[in-house]
Structure formats: structure tokens, C-alpha cells
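Next comes run-v9.txt, a file with compact mmCIF, C-alpha atoms and all ligand atoms.
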# COMPACT_ATOMS: atom_id res chain seq x y z
CA MET A 71 97.53 199.21 46.21
CA LYS A 72 95.37 198.04 49.06
CA ALA A 73 93.48 201.34 49.12
CA ARG A 74 92.85 201.05 45.40
CA TRP A 75 91.27 197.63 45.79
CA LEU A 76 89.04 198.93 48.51
CA THR A 77 87.85 201.72 46.22
CA VAL A 78 87.14 199.27 43.41
CA SER A 79 85.15 196.91 45.60
CA ALA A 80 83.20 199.76 47.17
CA ALA A 81 82.23 200.92 43.67
CA ALA A 82 81.17 197.39 42.77
CA VAL A 83 78.99 197.17 45.85
CA ALA A 84 77.42 200.53 45.03
CA LEU A 85 76.69 199.47 41.45
CA PHE A 86 75.29 196.12 42.47
CA GLY A 87 73.10 197.73 45.10
CA ALA A 88 71.79 200.25 42.58
CA SER A 89 70.91 197.66 39.96
CA GLN A 90 69.05 195.64 42.58
CA ALA A 91 67.02 198.65 43.50
CA PHE A 92 65.95 199.48 39.94
CA ALA A 93 65.39 196.07 38.39
CA ALA A 94 65.39 192.58 39.79
CA GLU A 95 68.36 190.65 38.41
CA MET A 96 67.91 187.48 36.41
CA PRO A 97 69.90 184.61 38.00
CA PRO A 98 73.12 183.45 36.26
CA LEU A 99 71.47 180.13 35.38
CA ALA A 100 68.78 181.97 33.38
CA LYS A 101 71.45 183.88 31.49
CA LYS A 102 73.47 180.73 30.84
CA SER A 103 70.35 178.84 29.67
CA GLY A 104 69.29 181.55 27.22
CA CYS A 105 66.05 182.54 29.01
CA THR A 106 67.12 186.18 29.23
CA ALA A 107 66.77 186.54 25.43
CA CYS A 108 62.99 186.54 25.97
CA HIS A 109 62.30 186.99 29.68
CA ALA A 110 62.96 189.52 32.42
CA ILE A 111 61.64 189.49 35.95
CA ASP A 112 59.55 192.63 35.99
CA HIS A 113 58.62 193.34 32.38
CA LYS A 114 57.63 191.52 29.21
CA VAL A 115 60.41 190.97 26.67
CA VAL A 116 59.19 188.41 24.11
CA GLY A 117 57.76 186.15 26.78
CA PRO A 118 55.82 187.24 29.87
CA ALA A 119 57.55 188.79 32.92
CA TRP A 120 58.53 186.00 35.29
CA MET A 121 56.89 187.90 38.13
CA ASP A 122 53.57 187.70 36.25
CA VAL A 123 54.08 183.96 35.66
CA SER A 124 54.74 183.55 39.38
CA LYS A 125 51.58 185.48 40.31
CA ARG A 126 49.40 183.51 37.92
CA TYR A 127 50.43 180.17 39.42
CA ALA A 128 50.62 181.23 43.07
CA GLY A 129 48.68 178.72 45.16
CA ASP A 130 48.49 176.17 42.32
CA ALA A 131 49.88 172.95 43.79
CA GLY A 132 50.50 171.44 40.35
CA ALA A 133 52.29 174.50 38.99
CA LYS A 134 55.80 173.17 39.32
CA ASP A 135 55.16 170.03 37.22
CA LYS A 136 53.15 171.99 34.69
CA LEU A 137 55.80 174.67 34.20
CA VAL A 138 58.70 172.20 34.16
CA ASN A 139 56.89 170.44 31.30
CA ARG A 140 56.26 173.70 29.46
CA VAL A 141 59.93 174.65 29.65
CA LYS A 142 60.96 171.16 28.53
CA THR A 143 58.54 170.76 25.63
CA GLY A 144 57.58 174.36 24.86
CA GLY A 145 54.27 176.14 25.25
CA LYS A 146 51.84 178.19 23.26
CA GLY A 147 48.60 180.02 23.77
CA ASN A 148 48.86 180.53 27.53
CA TRP A 149 50.02 184.14 27.38
CA THR A 150 48.57 185.28 24.05
CA GLU A 151 47.17 188.46 25.59
CA VAL A 152 50.71 189.41 26.62
CA THR A 153 52.80 188.00 23.79
CA GLY A 154 50.47 188.15 20.79
CA GLY A 155 50.71 184.37 20.41
CA VAL A 156 54.49 183.84 20.17
CA PRO A 157 55.35 180.29 21.35
CA MET A 158 57.84 179.39 24.07
CA PRO A 159 60.51 177.12 22.52
CA PRO A 160 61.26 173.63 23.95
CA TYR A 161 64.36 173.51 26.16
CA SER A 162 64.92 169.82 26.77
CA PRO A 163 67.54 168.40 26.33
CA ARG A 164 69.42 171.69 25.72
CA VAL A 165 68.95 172.55 29.39
CA SER A 166 69.19 169.68 31.91
CA ASP A 167 66.16 168.57 33.92
CA GLY A 168 67.88 169.69 37.11
CA ASP A 169 68.50 173.17 35.75
CA ILE A 170 64.92 173.45 34.47
CA ALA A 171 63.57 172.49 37.90
CA GLU A 172 65.83 175.09 39.52
CA LEU A 173 64.64 177.80 37.10
CA VAL A 174 60.98 176.95 37.71
CA ASP A 175 61.55 177.02 41.49
CA PHE A 176 63.10 180.45 41.10
CA ILE A 177 60.14 181.72 39.00
CA LEU A 178 57.49 180.32 41.35
CA GLY A 179 59.33 181.81 44.33
CA LEU A 180 59.18 185.37 42.97
CA ALA A 181 55.64 186.21 44.04
CA LYS A 182 55.97 184.61 47.48
C1 LIG B 201 62.47 182.71 22.15
C2 LIG B 201 61.89 183.34 23.32
C3 LIG B 201 61.87 182.60 24.63
C4 LIG B 201 62.95 182.03 25.31
C5 LIG B 201 64.39 182.00 24.88
C6 LIG B 201 62.40 181.52 26.56
N1 LIG B 201 61.05 181.77 26.65
FE1 LIG B 201 59.82 181.28 28.17
N2 LIG B 201 58.22 181.99 27.13
C7 LIG B 201 58.29 182.60 25.89
C8 LIG B 201 56.94 182.92 25.43
C9 LIG B 201 56.59 183.60 24.12
C10 LIG B 201 56.07 182.45 26.44
C11 LIG B 201 54.53 182.47 26.43
C12 LIG B 201 54.03 181.17 25.78
C13 LIG B 201 52.53 181.02 25.81
O1 LIG B 201 51.82 181.97 25.45
O2 LIG B 201 52.07 179.94 26.19
C14 LIG B 201 56.91 181.90 27.50
C15 LIG B 201 56.42 181.36 28.68
C16 LIG B 201 57.21 180.89 29.72
C17 LIG B 201 56.70 180.38 30.97
C18 LIG B 201 55.23 180.32 31.37
C19 LIG B 201 54.62 179.06 30.79
C20 LIG B 201 53.13 178.95 31.01
O3 LIG B 201 52.56 178.05 30.39
O4 LIG B 201 52.52 179.71 31.78
C21 LIG B 201 57.78 179.97 31.70
C22 LIG B 201 57.76 179.33 33.09
C23 LIG B 201 58.94 180.21 30.91
N3 LIG B 201 58.58 180.78 29.71
C24 LIG B 201 60.23 179.92 31.32
C25 LIG B 201 61.36 180.02 30.49
C26 LIG B 201 62.68 179.54 30.85
C27 LIG B 201 63.02 178.88 32.19
C28 LIG B 201 63.50 179.80 29.79
C29 LIG B 201 64.98 179.45 29.64
C30 LIG B 201 65.33 178.03 29.83
C31 LIG B 201 62.68 180.44 28.76
N4 LIG B 201 61.40 180.55 29.23
C32 LIG B 201 63.15 180.88 27.52
C33 LIG B 201 59.43 182.88 25.17
C34 LIG B 201 60.69 182.42 25.48
Before we go any further, please render this structure as C-alpha cells.
Amino acid sequence: MKARWLTVSAAAVALFGASQAFAAEMPPLAKKSGCTACHAIDHKVVGPAWMDVSKRYAGDAGAKDKLVNRVKTGGKGNWTEVTGGVPMPPYSPRVSDGDIAELVDFILGLAK
């Protein structure tokens, strides 16, 4: 029994390691909040890749406030060249302010 568990956890580690190598994983909070329906880290889905968002705002001291507001109230026209003009839906109060701040911190941290 013990040996079997070891095999299972070794397989899990191998799988997790592999998925990390091929594509950056979205955090559980992004999945729970519904962001993964339209965003991935390294490629466009409906919305822009979060890595591209992070690169665009790197070095912008006001980026956190700006992006927190965009996630709360929605946004449009900032990524038209990537999305063809699809708007980002408003997420407040569906997602709490604390969770939105955590998601924006995660996004801005990607390009660092
Ligand atoms: C229905 C699809 C959809 C969902 C769900 C979605 N987004 Fe977006 N998101 C978009 C689109 C489309 C844009 C580009 C909007 C634009 O052009 O201004 C965008 C843009 C963004 C931006 C960049 C804003 C800017 O002005 O540069 C951030 C940050 C972002 N989304 C975060 C999130 C987070 C966090 C969630 C989950 C709470 C989420 N998105 C869920 C479609 C979505």
C-alpha cells in the first residue's frame, strides 16, 4: 500500500512538473473567479495574455490602481489590436476587492 502511494505521488509530481514546463499555470483564484474563461498567461484567449498585460504596464507606478479599476468596472478599447474590440466585463462585486487586488498583483508580477 505504501509503495503504491509513493508511485501515485511520483506520477503527480512528474505531471505537475511537465505542465509547468509547457505552459504557465493560472492560479486557483483566477479559475475560481472565472478569469480563465477568457485569459491565459502566455497566449490570447478572448482577452489578452496576462504576460502581455504585465509587460505593457511594467514600470508604470499607477498600473495597480488602474488595472484594479478595470477589473472592477470593466474595460474596453485598450487591447483592440489583440481582441478585435471585445470588452472586459465588470467583476465587482462578483469578485471581492481583496481578490481583485491579489489577481492584479499576480498579473503585474509576471513580467518581473
Ligand atoms: C468574458 C471574457 C473575459 C473574462 C471572463 C475576463 N476578462 Fe479580462 N479582459 C477581457 C478582454 C476582452 C480584455 C481587453 C479589454 C480591452 O480591450 O480594453 C481584458 C483585459 C483585461 C486586463 C487588462 C486591462 C487593461 O486595461 O489593460 C486585465 C488586467 C484583466 N482583463 C484581468 C481579468 C481578471 C482578473 C479576470 C477575472 C476576475 C478577467 N480579466 C476576466 C476579457 C475577459
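Every protein or nucleic acid residue with an atom no more than 10 Å from range 112-114 of chain A, counting all atoms listed in the file and leaving out same-chain residues fewer than 4 positions away, appears here: Ala93, Ala94, Glu95, Met96, Cys108, Pro118, Ala119, Trp120, Met121, Asp122, Val152 and Thr153 of chain A.
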Item to check | Cut-off 6 Å, all atoms listed in the file, neighbours of ligand LIG 201 (chain B) as a PyMOL selection string | outcome: chain A and resi 100+103-105+107-108+116-118+123+137+140-141+145-150+153+155-159+161+173
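Coordinates place CA of Arg164 in chain A at a distance of 21.5 Å from CA of Leu178 in chain A.
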Checklist entry - Which is closest to Ile177 in chain A among A:Lys125, A:Lys102, A:Lys136, A:Lys142, if we use only C-alpha atoms? => result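 Of the candidates, the smallest distance to Ile177 in chain A is held by A:Lys125.
When CA of Val138 in chain A is paired with CA of Ala171 in chain A, their separation reads 6.1 Å.
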